[in-house]
>>> print(open('start-v9.pdb').read())   # PDB, C-alpha atoms and all ligand atoms
ATOM      1  CA  MET A   1     224.567 139.175 -60.140  1.00  0.00           C
ATOM      2  CA  SER A   2     224.364 136.983 -63.193  1.00  0.00           C
ATOM      3  CA  LEU A   3     226.145 133.663 -63.581  1.00  0.00           C
ATOM      4  CA  THR A   4     227.305 132.058 -66.796  1.00  0.00           C
ATOM      5  CA  ILE A   5     227.376 128.275 -66.789  1.00  0.00           C
ATOM      6  CA  VAL A   6     229.356 126.698 -69.607  1.00  0.00           C
ATOM      7  CA  ARG A   7     228.441 123.120 -70.517  1.00  0.00           C
ATOM      8  CA  LEU A   8     231.254 121.569 -72.517  1.00  0.00           C
ATOM      9  CA  TYR A   9     230.613 119.022 -75.293  1.00  0.00           C
ATOM     10  CA  HIS A  10     227.775 117.240 -73.559  1.00  0.00           C
ATOM     11  CA  ASP A  11     227.114 115.080 -76.617  1.00  0.00           C
ATOM     12  CA  LEU A  12     230.607 113.632 -76.146  1.00  0.00           C
ATOM     13  CA  LEU A  13     230.747 113.773 -72.366  1.00  0.00           C
ATOM     14  CA  GLY A  14     227.360 113.264 -70.783  1.00  0.00           C
ATOM     15  CA  THR A  15     226.901 109.658 -69.733  1.00  0.00           C
ATOM     16  CA  TYR A  16     224.316 108.814 -67.082  1.00  0.00           C
ATOM     17  CA  GLY A  17     222.677 112.202 -67.434  1.00  0.00           C
ATOM     18  CA  ASP A  18     225.738 114.218 -66.374  1.00  0.00           C
ATOM     19  CA  GLN A  19     224.486 117.105 -68.513  1.00  0.00           C
ATOM     20  CA  GLY A  20     221.706 117.464 -65.927  1.00  0.00           C
ATOM     21  CA  ASN A  21     224.216 119.010 -63.520  1.00  0.00           C
ATOM     22  CA  ALA A  22     223.724 122.270 -65.441  1.00  0.00           C
ATOM     23  CA  GLU A  23     219.958 122.179 -64.920  1.00  0.00           C
ATOM     24  CA  ILE A  24     220.385 121.582 -61.195  1.00  0.00           C
ATOM     25  CA  LEU A  25     222.766 124.531 -60.860  1.00  0.00           C
ATOM     26  CA  MET A  26     220.379 126.778 -62.786  1.00  0.00           C
ATOM     27  CA  HIS A  27     217.430 125.652 -60.687  1.00  0.00           C
ATOM     28  CA  ARG A  28     219.269 126.317 -57.432  1.00  0.00           C
ATOM     29  CA  ALA A  29     220.664 129.647 -58.654  1.00  0.00           C
ATOM     30  CA  LYS A  30     217.242 130.892 -59.772  1.00  0.00           C
ATOM     31  CA  ALA A  31     215.779 129.874 -56.404  1.00  0.00           C
ATOM     32  CA  ARG A  32     218.199 132.438 -54.886  1.00  0.00           C
ATOM     33  CA  ASN A  33     217.116 135.102 -57.404  1.00  0.00           C
ATOM     34  CA  LEU A  34     220.465 134.909 -59.160  1.00  0.00           C
ATOM     35  CA  GLY A  35     220.475 135.580 -62.876  1.00  0.00           C
ATOM     36  CA  VAL A  36     221.874 132.620 -64.770  1.00  0.00           C
ATOM     37  CA  GLN A  37     222.558 131.732 -68.383  1.00  0.00           C
ATOM     38  CA  LEU A  38     223.684 128.475 -69.936  1.00  0.00           C
ATOM     39  CA  VAL A  39     226.234 128.475 -72.739  1.00  0.00           C
ATOM     40  CA  GLU A  40     226.262 125.196 -74.648  1.00  0.00           C
ATOM     41  CA  VAL A  41     229.676 124.543 -76.193  1.00  0.00           C
ATOM     42  CA  THR A  42     229.590 122.029 -79.038  1.00  0.00           C
ATOM     43  CA  PRO A  43     232.621 120.649 -80.901  1.00  0.00           C
ATOM     44  CA  GLY A  44     234.153 123.338 -83.096  1.00  0.00           C
ATOM     45  CA  MET A  45     232.874 126.211 -80.952  1.00  0.00           C
ATOM     46  CA  ALA A  46     235.317 128.342 -79.002  1.00  0.00           C
ATOM     47  CA  VAL A  47     235.198 127.855 -75.231  1.00  0.00           C
ATOM     48  CA  PRO A  48     234.207 131.161 -73.607  1.00  0.00           C
ATOM     49  CA  ARG A  49     236.940 132.501 -71.334  1.00  0.00           C
ATOM     50  CA  SER A  50     234.767 134.487 -68.968  1.00  0.00           C
ATOM     51  CA  GLY A  51     232.312 131.825 -67.759  1.00  0.00           C
ATOM     52  CA  ASP A  52     231.662 131.380 -64.044  1.00  0.00           C
ATOM     53  CA  ILE A  53     231.096 127.611 -63.898  1.00  0.00           C
ATOM     54  CA  TYR A  54     232.394 125.036 -66.397  1.00  0.00           C
ATOM     55  CA  LEU A  55     230.895 121.543 -66.570  1.00  0.00           C
ATOM     56  CA  LEU A  56     232.421 118.380 -67.999  1.00  0.00           C
ATOM     57  CA  GLY A  57     230.720 114.982 -67.871  1.00  0.00           C
ATOM     58  CA  GLY A  58     231.740 111.375 -68.288  1.00  0.00           C
ATOM     59  CA  GLY A  59     232.095 109.419 -71.513  1.00  0.00           C
ATOM     60  CA  GLU A  60     233.683 106.515 -73.302  1.00  0.00           C
ATOM     61  CA  ASP A  61     237.382 106.508 -74.141  1.00  0.00           C
ATOM     62  CA  GLY A  62     237.018 107.676 -77.775  1.00  0.00           C
ATOM     63  CA  PRO A  63     234.842 110.744 -77.103  1.00  0.00           C
ATOM     64  CA  GLN A  64     236.997 111.478 -74.051  1.00  0.00           C
ATOM     65  CA  SER A  65     240.159 111.649 -76.186  1.00  0.00           C
ATOM     66  CA  ALA A  66     238.396 113.821 -78.773  1.00  0.00           C
ATOM     67  CA  ALA A  67     237.198 116.226 -76.083  1.00  0.00           C
ATOM     68  CA  LEU A  68     240.654 116.406 -74.512  1.00  0.00           C
ATOM     69  CA  ALA A  69     242.272 117.244 -77.860  1.00  0.00           C
ATOM     70  CA  MET A  70     239.769 120.048 -78.514  1.00  0.00           C
ATOM     71  CA  LEU A  71     240.083 121.496 -75.018  1.00  0.00           C
ATOM     72  CA  LYS A  72     243.881 121.462 -75.250  1.00  0.00           C
ATOM     73  CA  GLN A  73     243.820 123.238 -78.563  1.00  0.00           C
ATOM     74  CA  ASP A  74     241.252 125.796 -77.470  1.00  0.00           C
ATOM     75  CA  GLY A  75     242.843 126.735 -74.139  1.00  0.00           C
ATOM     76  CA  GLY A  76     239.708 128.531 -72.900  1.00  0.00           C
ATOM     77  CA  LEU A  77     238.956 126.213 -69.983  1.00  0.00           C
ATOM     78  CA  GLN A  78     242.559 126.362 -68.733  1.00  0.00           C
ATOM     79  CA  TYR A  79     242.488 130.169 -69.007  1.00  0.00           C
ATOM     80  CA  ALA A  80     239.226 130.465 -67.091  1.00  0.00           C
ATOM     81  CA  ALA A  81     240.318 127.995 -64.391  1.00  0.00           C
ATOM     82  CA  ALA A  82     243.595 129.869 -63.888  1.00  0.00           C
ATOM     83  CA  GLY A  83     241.504 132.993 -63.294  1.00  0.00           C
ATOM     84  CA  GLY A  84     239.465 131.270 -60.585  1.00  0.00           C
ATOM     85  CA  ALA A  85     236.452 130.002 -62.529  1.00  0.00           C
ATOM     86  CA  THR A  86     234.593 127.092 -60.943  1.00  0.00           C
ATOM     87  CA  VAL A  87     234.925 123.699 -62.640  1.00  0.00           C
ATOM     88  CA  LEU A  88     232.924 120.523 -62.022  1.00  0.00           C
ATOM     89  CA  ALA A  89     234.262 117.510 -63.907  1.00  0.00           C
ATOM     90  CA  ILE A  90     232.749 114.036 -63.745  1.00  0.00           C
ATOM     91  CA  CYS A  91     234.538 110.735 -64.431  1.00  0.00           C
ATOM     92  CA  ALA A  92     236.100 111.094 -67.911  1.00  0.00           C
ATOM     93  CA  GLY A  93     236.005 114.849 -67.287  1.00  0.00           C
ATOM     94  CA  PHE A  94     237.790 114.367 -63.940  1.00  0.00           C
ATOM     95  CA  GLN A  95     240.491 112.363 -65.705  1.00  0.00           C
ATOM     96  CA  ILE A  96     240.795 115.082 -68.387  1.00  0.00           C
ATOM     97  CA  ILE A  97     241.485 117.872 -65.888  1.00  0.00           C
ATOM     98  CA  GLY A  98     244.380 115.909 -64.347  1.00  0.00           C
ATOM     99  CA  GLU A  99     248.057 115.832 -65.335  1.00  0.00           C
ATOM    100  CA  SER A 100     247.953 112.581 -67.299  1.00  0.00           C
ATOM    101  CA  LEU A 101     245.579 109.857 -68.479  1.00  0.00           C
ATOM    102  CA  PRO A 102     245.579 106.959 -70.943  1.00  0.00           C
ATOM    103  CA  ASP A 103     244.665 107.601 -74.589  1.00  0.00           C
ATOM    104  CA  THR A 104     242.534 105.122 -76.549  1.00  0.00           C
ATOM    105  CA  SER A 105     245.605 102.836 -76.974  1.00  0.00           C
ATOM    106  CA  GLY A 106     246.371 102.956 -73.281  1.00  0.00           C
ATOM    107  CA  ASN A 107     249.417 105.229 -73.614  1.00  0.00           C
ATOM    108  CA  ALA A 108     249.730 108.063 -71.100  1.00  0.00           C
ATOM    109  CA  VAL A 109     249.012 111.514 -72.536  1.00  0.00           C
ATOM    110  CA  ALA A 110     248.992 114.901 -70.854  1.00  0.00           C
ATOM    111  CA  GLY A 111     245.697 116.130 -69.482  1.00  0.00           C
ATOM    112  CA  LEU A 112     244.806 119.774 -68.912  1.00  0.00           C
ATOM    113  CA  GLY A 113     246.784 119.904 -65.660  1.00  0.00           C
ATOM    114  CA  LEU A 114     244.198 121.842 -63.646  1.00  0.00           C
ATOM    115  CA  VAL A 115     244.774 119.447 -60.734  1.00  0.00           C
ATOM    116  CA  ASP A 116     247.670 117.199 -59.741  1.00  0.00           C
ATOM    117  CA  ALA A 117     246.139 113.843 -60.605  1.00  0.00           C
ATOM    118  CA  HIS A 118     247.380 110.948 -62.723  1.00  0.00           C
ATOM    119  CA  THR A 119     244.991 108.365 -64.161  1.00  0.00           C
ATOM    120  CA  ILE A 120     246.120 104.877 -65.107  1.00  0.00           C
ATOM    121  CA  TYR A 121     244.405 101.757 -66.365  1.00  0.00           C
ATOM    122  CA  ASP A 122     245.584  98.623 -64.564  1.00  0.00           C
ATOM    123  CA  ALA A 123     244.479  95.003 -64.644  1.00  0.00           C
ATOM    124  CA  SER A 124     241.848  95.395 -61.946  1.00  0.00           C
ATOM    125  CA  PRO A 125     238.220  94.877 -62.925  1.00  0.00           C
ATOM    126  CA  ARG A 126     236.202  97.888 -64.005  1.00  0.00           C
ATOM    127  CA  SER A 127     234.789  99.859 -61.072  1.00  0.00           C
ATOM    128  CA  VAL A 128     231.019  99.708 -61.474  1.00  0.00           C
ATOM    129  CA  GLY A 129     228.323 100.350 -58.905  1.00  0.00           C
ATOM    130  CA  GLU A 130     227.095 102.677 -56.231  1.00  0.00           C
ATOM    131  CA  LEU A 131     229.617 104.933 -54.547  1.00  0.00           C
ATOM    132  CA  VAL A 132     229.259 106.512 -51.105  1.00  0.00           C
ATOM    133  CA  ILE A 133     231.751 109.062 -49.817  1.00  0.00           C
ATOM    134  CA  GLN A 134     232.276 111.221 -46.763  1.00  0.00           C
ATOM    135  CA  PRO A 135     233.644 114.689 -47.529  1.00  0.00           C
ATOM    136  CA  SER A 136     235.911 116.177 -44.890  1.00  0.00           C
ATOM    137  CA  ARG A 137     235.164 119.871 -45.378  1.00  0.00           C
ATOM    138  CA  GLY A 138     232.703 122.391 -46.654  1.00  0.00           C
ATOM    139  CA  GLY A 139     230.085 121.102 -44.198  1.00  0.00           C
ATOM    140  CA  LEU A 140     229.094 118.504 -46.768  1.00  0.00           C
ATOM    141  CA  PRO A 141     227.161 115.408 -45.686  1.00  0.00           C
ATOM    142  CA  MET A 142     227.691 111.914 -47.016  1.00  0.00           C
ATOM    143  CA  LEU A 143     227.451 111.987 -50.832  1.00  0.00           C
ATOM    144  CA  THR A 144     226.307 109.241 -53.192  1.00  0.00           C
ATOM    145  CA  GLY A 145     226.655 108.530 -56.902  1.00  0.00           C
ATOM    146  CA  PHE A 146     227.043 105.822 -59.504  1.00  0.00           C
ATOM    147  CA  GLU A 147     230.519 104.961 -60.783  1.00  0.00           C
ATOM    148  CA  ASN A 148     231.572 103.155 -63.944  1.00  0.00           C
ATOM    149  CA  HIS A 149     235.218 103.499 -64.913  1.00  0.00           C
ATOM    150  CA  GLN A 150     238.366 101.573 -65.760  1.00  0.00           C
ATOM    151  CA  GLY A 151     240.747 104.388 -64.864  1.00  0.00           C
ATOM    152  CA  LEU A 152     242.143 104.816 -61.354  1.00  0.00           C
ATOM    153  CA  THR A 153     243.317 108.270 -60.346  1.00  0.00           C
ATOM    154  CA  ARG A 154     246.195 108.998 -57.982  1.00  0.00           C
ATOM    155  CA  LEU A 155     246.159 112.477 -56.479  1.00  0.00           C
ATOM    156  CA  GLY A 156     249.377 114.353 -55.735  1.00  0.00           C
ATOM    157  CA  GLU A 157     250.278 114.553 -52.051  1.00  0.00           C
ATOM    158  CA  ASP A 158     248.903 118.059 -51.577  1.00  0.00           C
ATOM    159  CA  MET A 159     245.676 117.548 -53.491  1.00  0.00           C
ATOM    160  CA  PRO A 160     242.621 117.301 -51.236  1.00  0.00           C
ATOM    161  CA  PRO A 161     240.131 114.652 -52.349  1.00  0.00           C
ATOM    162  CA  LEU A 162     236.444 115.496 -52.451  1.00  0.00           C
ATOM    163  CA  GLY A 163     235.938 112.834 -49.790  1.00  0.00           C
ATOM    164  CA  LEU A 164     236.895 109.417 -48.474  1.00  0.00           C
ATOM    165  CA  VAL A 165     235.218 106.281 -49.817  1.00  0.00           C
ATOM    166  CA  LEU A 166     232.740 104.551 -47.516  1.00  0.00           C
ATOM    167  CA  SER A 167     231.676 102.072 -50.168  1.00  0.00           C
ATOM    168  CA  GLY A 168     232.645 101.630 -53.792  1.00  0.00           C
ATOM    169  CA  VAL A 169     236.033 102.349 -55.381  1.00  0.00           C
ATOM    170  CA  GLY A 170     236.369 106.054 -56.196  1.00  0.00           C
ATOM    171  CA  ASN A 171     239.892 107.095 -57.200  1.00  0.00           C
ATOM    172  CA  GLY A 172     241.281 103.668 -56.259  1.00  0.00           C
ATOM    173  CA  PHE A 173     244.113 105.000 -54.067  1.00  0.00           C
ATOM    174  CA  ASN A 174     244.155 105.697 -50.319  1.00  0.00           C
ATOM    175  CA  LYS A 175     240.358 105.425 -50.088  1.00  0.00           C
ATOM    176  CA  GLN A 176     240.156 108.819 -51.777  1.00  0.00           C
ATOM    177  CA  GLU A 177     237.376 109.992 -54.056  1.00  0.00           C
ATOM    178  CA  GLY A 178     237.490 112.889 -56.446  1.00  0.00           C
ATOM    179  CA  VAL A 179     239.308 116.143 -55.878  1.00  0.00           C
ATOM    180  CA  TRP A 180     238.410 119.549 -54.480  1.00  0.00           C
ATOM    181  CA  HIS A 181     241.179 122.013 -55.176  1.00  0.00           C
ATOM    182  CA  GLY A 182     240.270 125.695 -54.928  1.00  0.00           C
ATOM    183  CA  ASN A 183     237.226 126.106 -57.140  1.00  0.00           C
ATOM    184  CA  ILE A 184     237.859 122.883 -59.023  1.00  0.00           C
ATOM    185  CA  PHE A 185     235.832 119.768 -58.307  1.00  0.00           C
ATOM    186  CA  GLY A 186     236.365 116.346 -59.855  1.00  0.00           C
ATOM    187  CA  THR A 187     234.485 113.161 -59.001  1.00  0.00           C
ATOM    188  CA  TYR A 188     233.617 109.705 -60.272  1.00  0.00           C
ATOM    189  CA  MET A 189     230.007 110.174 -59.143  1.00  0.00           C
ATOM    190  CA  HIS A 190     227.366 110.151 -61.865  1.00  0.00           C
ATOM    191  CA  GLY A 191     223.727 110.432 -61.075  1.00  0.00           C
ATOM    192  CA  PRO A 192     223.740 113.270 -62.100  1.00  0.00           C
ATOM    193  CA  ALA A 193     225.879 113.993 -59.044  1.00  0.00           C
ATOM    194  CA  LEU A 194     224.233 117.340 -58.330  1.00  0.00           C
ATOM    195  CA  ALA A 195     220.698 115.906 -58.562  1.00  0.00           C
ATOM    196  CA  ARG A 196     221.603 113.241 -56.030  1.00  0.00           C
ATOM    197  CA  ASN A 197     223.526 115.632 -53.800  1.00  0.00           C
ATOM    198  CA  PRO A 198     221.942 119.094 -53.458  1.00  0.00           C
ATOM    199  CA  GLU A 199     224.544 120.116 -50.844  1.00  0.00           C
ATOM    200  CA  LEU A 200     227.309 119.474 -53.378  1.00  0.00           C
ATOM    201  CA  ALA A 201     225.377 121.548 -55.922  1.00  0.00           C
ATOM    202  CA  ASP A 202     225.330 124.443 -53.472  1.00  0.00           C
ATOM    203  CA  ALA A 203     229.051 124.031 -52.689  1.00  0.00           C
ATOM    204  CA  VAL A 204     229.781 124.355 -56.417  1.00  0.00           C
ATOM    205  CA  LEU A 205     227.394 127.284 -56.798  1.00  0.00           C
ATOM    206  CA  GLN A 206     228.855 129.028 -53.794  1.00  0.00           C
ATOM    207  CA  CYS A 207     232.364 128.956 -55.264  1.00  0.00           C
ATOM    208  CA  ALA A 208     231.055 131.080 -58.127  1.00  0.00           C
ATOM    209  CA  ALA A 209     228.320 133.138 -56.435  1.00  0.00           C
ATOM    210  CA  GLY A 210     229.486 133.569 -52.842  1.00  0.00           C
ATOM    211  CA  PRO A 211     227.276 132.883 -49.821  1.00  0.00           C
ATOM    212  CA  LEU A 212     223.824 131.627 -50.790  1.00  0.00           C
ATOM    213  CA  ARG A 213     220.578 132.355 -49.051  1.00  0.00           C
ATOM    214  CA  PRO A 214     218.772 129.271 -47.690  1.00  0.00           C
ATOM    215  CA  PHE A 215     216.625 127.334 -50.133  1.00  0.00           C
ATOM    216  CA  ASN A 216     214.174 124.690 -49.032  1.00  0.00           C
ATOM    217  CA  ASP A 217     213.809 122.031 -51.731  1.00  0.00           C
ATOM    218  CA  PRO A 218     211.973 119.090 -50.100  1.00  0.00           C
ATOM    219  CA  LEU A 219     211.978 116.912 -53.218  1.00  0.00           C
ATOM    220  CA  ALA A 220     215.744 117.177 -53.721  1.00  0.00           C
ATOM    221  CA  ASP A 221     216.411 116.642 -50.025  1.00  0.00           C
ATOM    222  CA  ALA A 222     214.128 113.590 -49.899  1.00  0.00           C
ATOM    223  CA  PHE A 223     215.845 112.064 -52.942  1.00  0.00           C
ATOM    224  CA  ALA A 224     219.325 112.569 -51.433  1.00  0.00           C
ATOM    225  CA  LYS A 225     218.159 111.121 -48.123  1.00  0.00           C
ATOM    226  CA  GLU A 226     216.543 108.110 -49.776  1.00  0.00           C
ATOM    227  CA  ARG A 227     219.804 107.303 -51.625  1.00  0.00           C
ATOM    228  CA  ARG A 228     221.881 107.646 -48.445  1.00  0.00           C
ATOM    229  CA  GLN A 229     219.497 105.498 -46.430  1.00  0.00           C
ATOM    230  CA  THR A 230     219.212 102.795 -49.052  1.00  0.00           C
ATOM    231  CA  LEU A 231     222.978 102.552 -49.412  1.00  0.00           C
ATOM    232  CA  THR A 232     224.092 102.888 -45.806  1.00  0.00           C
ATOM    233  CA  GLY A 233     221.084 102.565 -43.543  1.00  0.00           C
ATOM    234  CA  ASN A 234     221.864 106.083 -42.222  1.00  0.00           C
TER     235      ASN A 234
HETATM  236  N1  LIG B 301     236.938 106.269 -70.026  1.00  0.00           N
HETATM  237  C1  LIG B 301     237.058 106.458 -68.629  1.00  0.00           C
HETATM  238  C2  LIG B 301     237.253 105.171 -67.833  1.00  0.00           C
HETATM  239  O1  LIG B 301     236.684 104.130 -68.140  1.00  0.00           O
HETATM  240  C3  LIG B 301     235.877 107.244 -68.155  1.00  0.00           C
HETATM  241  C4  LIG B 301     234.596 106.471 -68.041  1.00  0.00           C
HETATM  242  C5  LIG B 301     233.398 107.323 -67.725  1.00  0.00           C
HETATM  243  O2  LIG B 301     233.423 108.546 -67.862  1.00  0.00           O
HETATM  244  N2  LIG B 301     232.291 106.711 -67.333  1.00  0.00           N
HETATM  245  O3  LIG B 301     237.982 105.213 -66.880  1.00  0.00           O
END
>>> encode(input="start-v9.pdb", output="structure tokens")
Amino acid sequence: MSLTIVRLYHDLLGTYGDQGNAEILMHRAKARNLGVQLVEVTPGMAVPRSGDIYLLGGGEDGPQSAALAMLKQDGGLQYAAAGGATVLAICAGFQIIGESLPDTSGNAVAGLGLVDAHTIYDASPRSVGELVIQPSRGGLPMLTGFENHQGLTRLGEDMPPLGLVLSGVGNGFNKQEGVWHGNIFGTYMHGPALARNPELADAVLQCAAGPLRPFNDPLADAFAKERRQTLTGN
């Protein structure tokens, strides 16, 4: 089998190394002898409709609005997601895949609507720092990342979060962090998230590739463990 990973506008949306999530997925796919190719989508290019995994990173408000406008006009990501493609969206990308978010003037605009999530900016201080969450399914362990966002994201009642916040802010409502709806993942965790959390990388990969054979990656595991221990003592 051969996987196509589509990295969307990483010059606009790629803060804190989020573009590295693609490299981690490729590394872990190749380790399972899966064929994998990376399609780099830059502004002005059409978004392929038949990709297996689509990646969006975080970014400042201006680039975020520009990316949202292009994605809306193109329609390729929405088409692929409706067909079951896997999506991993970080921070600004997470806000983009929701139902609504603030534009650069703070007015609510429609997002892509892939998940039932509404982002607002309120008067609370910016959420900046280390984030630790406990996922409730998928056999995932405690996950860690770095968050830096003004927006707070309320999930619809039936939307499962990626996990519950142990420390940090996350979505800012009901101790929830991120979203995991079908094959769509959103999170406020930078890091890149998949470098810091190899188990999350495999959960994303598995949505697109099916069951994965075991892969022993001591360096990645040691890094994830070091982050968890430093932040929680566990
Ligand atoms: N502009 C968004 C916010 O501040 C996203 C920030 C980010 O992606 N780091 O909420």
>>> residues_near_ligand(input="start-v9.pdb", ligand="ligand LIG 301 (chain B)", cutoff="10 Å", atoms="all atoms listed in the file", output="mmCIF file with C-alpha atoms, keeping the file's coordinate frame")
data_model
loop_
_atom_site.group_PDB
_atom_site.id
_atom_site.type_symbol
_atom_site.label_atom_id
_atom_site.label_comp_id
_atom_site.auth_asym_id
_atom_site.auth_seq_id
_atom_site.Cartn_x
_atom_site.Cartn_y
_atom_site.Cartn_z
ATOM 1 C CA LEU A 13 230.747 113.773 -72.366
ATOM 2 C CA GLY A 14 227.360 113.264 -70.783
ATOM 3 C CA THR A 15 226.901 109.658 -69.733
ATOM 4 C CA TYR A 16 224.316 108.814 -67.082
ATOM 5 C CA ASP A 18 225.738 114.218 -66.374
ATOM 6 C CA LEU A 56 232.421 118.380 -67.999
ATOM 7 C CA GLY A 57 230.720 114.982 -67.871
ATOM 8 C CA GLY A 58 231.740 111.375 -68.288
ATOM 9 C CA GLY A 59 232.095 109.419 -71.513
ATOM 10 C CA GLU A 60 233.683 106.515 -73.302
ATOM 11 C CA ASP A 61 237.382 106.508 -74.141
ATOM 12 C CA GLY A 62 237.018 107.676 -77.775
ATOM 13 C CA PRO A 63 234.842 110.744 -77.103
ATOM 14 C CA GLN A 64 236.997 111.478 -74.051
ATOM 15 C CA SER A 65 240.159 111.649 -76.186
ATOM 16 C CA ALA A 89 234.262 117.510 -63.907
ATOM 17 C CA ILE A 90 232.749 114.036 -63.745
ATOM 18 C CA CYS A 91 234.538 110.735 -64.431
ATOM 19 C CA ALA A 92 236.100 111.094 -67.911
ATOM 20 C CA GLY A 93 236.005 114.849 -67.287
ATOM 21 C CA PHE A 94 237.790 114.367 -63.940
ATOM 22 C CA GLN A 95 240.491 112.363 -65.705
ATOM 23 C CA ILE A 96 240.795 115.082 -68.387
ATOM 24 C CA LEU A 101 245.579 109.857 -68.479
ATOM 25 C CA PRO A 102 245.579 106.959 -70.943
ATOM 26 C CA ASP A 103 244.665 107.601 -74.589
ATOM 27 C CA THR A 104 242.534 105.122 -76.549
ATOM 28 C CA THR A 119 244.991 108.365 -64.161
ATOM 29 C CA ILE A 120 246.120 104.877 -65.107
ATOM 30 C CA TYR A 121 244.405 101.757 -66.365
ATOM 31 C CA ARG A 126 236.202 97.888 -64.005
ATOM 32 C CA SER A 127 234.789 99.859 -61.072
ATOM 33 C CA VAL A 128 231.019 99.708 -61.474
ATOM 34 C CA PHE A 146 227.043 105.822 -59.504
ATOM 35 C CA GLU A 147 230.519 104.961 -60.783
ATOM 36 C CA ASN A 148 231.572 103.155 -63.944
ATOM 37 C CA HIS A 149 235.218 103.499 -64.913
ATOM 38 C CA GLN A 150 238.366 101.573 -65.760
ATOM 39 C CA GLY A 151 240.747 104.388 -64.864
ATOM 40 C CA LEU A 152 242.143 104.816 -61.354
ATOM 41 C CA THR A 153 243.317 108.270 -60.346
ATOM 42 C CA TYR A 188 233.617 109.705 -60.272
ATOM 43 C CA MET A 189 230.007 110.174 -59.143
ATOM 44 C CA HIS A 190 227.366 110.151 -61.865
#
>>> residues_near_point(input="start-v9.pdb", point="(238.3, 109.0, -55.6)", cutoff="12 Å", atoms="all atoms listed in the file", output="ChimeraX atom specification")
/A:90-91,94-95,117-119,127,131-135,145,147,149,151-155,159-180,185-189
>>> residues_around(input="start-v9.pdb", residues="Asn197 (chain A)", least_positions_apart="5", cutoff="12 Å", atoms="only C-alpha atoms", output="mmCIF file with C-alpha atoms, in the coordinates of the input")
data_model
loop_
_atom_site.group_PDB
_atom_site.id
_atom_site.type_symbol
_atom_site.label_atom_id
_atom_site.label_comp_id
_atom_site.auth_asym_id
_atom_site.auth_seq_id
_atom_site.Cartn_x
_atom_site.Cartn_y
_atom_site.Cartn_z
ATOM 1 C CA ASN A 21 224.216 119.010 -63.520
ATOM 2 C CA ILE A 24 220.385 121.582 -61.195
ATOM 3 C CA LEU A 25 222.766 124.531 -60.860
ATOM 4 C CA VAL A 132 229.259 106.512 -51.105
ATOM 5 C CA ILE A 133 231.751 109.062 -49.817
ATOM 6 C CA PRO A 135 233.644 114.689 -47.529
ATOM 7 C CA LEU A 140 229.094 118.504 -46.768
ATOM 8 C CA PRO A 141 227.161 115.408 -45.686
ATOM 9 C CA MET A 142 227.691 111.914 -47.016
ATOM 10 C CA LEU A 143 227.451 111.987 -50.832
ATOM 11 C CA THR A 144 226.307 109.241 -53.192
ATOM 12 C CA GLY A 145 226.655 108.530 -56.902
ATOM 13 C CA PHE A 146 227.043 105.822 -59.504
ATOM 14 C CA MET A 189 230.007 110.174 -59.143
ATOM 15 C CA HIS A 190 227.366 110.151 -61.865
ATOM 16 C CA GLY A 191 223.727 110.432 -61.075
ATOM 17 C CA PRO A 192 223.740 113.270 -62.100
ATOM 18 C CA ASP A 202 225.330 124.443 -53.472
ATOM 19 C CA ALA A 203 229.051 124.031 -52.689
ATOM 20 C CA VAL A 204 229.781 124.355 -56.417
ATOM 21 C CA ASP A 217 213.809 122.031 -51.731
ATOM 22 C CA LEU A 219 211.978 116.912 -53.218
ATOM 23 C CA ALA A 220 215.744 117.177 -53.721
ATOM 24 C CA ASP A 221 216.411 116.642 -50.025
ATOM 25 C CA ALA A 222 214.128 113.590 -49.899
ATOM 26 C CA PHE A 223 215.845 112.064 -52.942
ATOM 27 C CA ALA A 224 219.325 112.569 -51.433
ATOM 28 C CA LYS A 225 218.159 111.121 -48.123
ATOM 29 C CA GLU A 226 216.543 108.110 -49.776
ATOM 30 C CA ARG A 227 219.804 107.303 -51.625
ATOM 31 C CA ARG A 228 221.881 107.646 -48.445
#
>>> closest_residue(input="start-v9.pdb", among="A:Met26, A:Gly75, A:Tyr9, A:Ile53", to="Val41 (chain A)", atoms="all atoms listed in the file")
A:Tyr9
>>> resolve_selection(input="start-v9.pdb", expression="the PyMOL selection byres (((chain A and resi 52) around 9) and not hetatm)", output="PDB file with C-alpha atoms, in the frame of the given file")
ATOM      1  CA  LEU A   3     226.145 133.663 -63.581  1.00  0.00           C
ATOM      2  CA  THR A   4     227.305 132.058 -66.796  1.00  0.00           C
ATOM      3  CA  ILE A   5     227.376 128.275 -66.789  1.00  0.00           C
ATOM      4  CA  VAL A   6     229.356 126.698 -69.607  1.00  0.00           C
ATOM      5  CA  SER A  50     234.767 134.487 -68.968  1.00  0.00           C
ATOM      6  CA  GLY A  51     232.312 131.825 -67.759  1.00  0.00           C
ATOM      7  CA  ILE A  53     231.096 127.611 -63.898  1.00  0.00           C
ATOM      8  CA  TYR A  54     232.394 125.036 -66.397  1.00  0.00           C
ATOM      9  CA  ALA A  80     239.226 130.465 -67.091  1.00  0.00           C
ATOM     10  CA  GLY A  84     239.465 131.270 -60.585  1.00  0.00           C
ATOM     11  CA  ALA A  85     236.452 130.002 -62.529  1.00  0.00           C
ATOM     12  CA  THR A  86     234.593 127.092 -60.943  1.00  0.00           C
ATOM     13  CA  VAL A  87     234.925 123.699 -62.640  1.00  0.00           C
ATOM     14  CA  ALA A 208     231.055 131.080 -58.127  1.00  0.00           C
ATOM     15  CA  ALA A 209     228.320 133.138 -56.435  1.00  0.00           C
TER      16      ALA A 209
END
>>> closest_residue(input="start-v9.pdb", among="A:Val47, A:Leu194, A:Ala82, A:Leu38", to="Leu114 (chain A)", atoms="only C-alpha atoms")
A:Ala82
>>> axis_aligned_box(input="start-v9.pdb", around="region 145-151 of chain A", padding_each_side="4 Å", output="JSON")
{"center_x": 233.7, "center_y": 105.1, "center_z": -61.3, "size_x": 22.1, "size_y": 15.0, "size_z": 16.9}
>>> atom_distance(input="start-v9.pdb", atom1="CA of Arg196 (chain A)", atom2="CA of Asn234 (chain A)")
15.6 Å
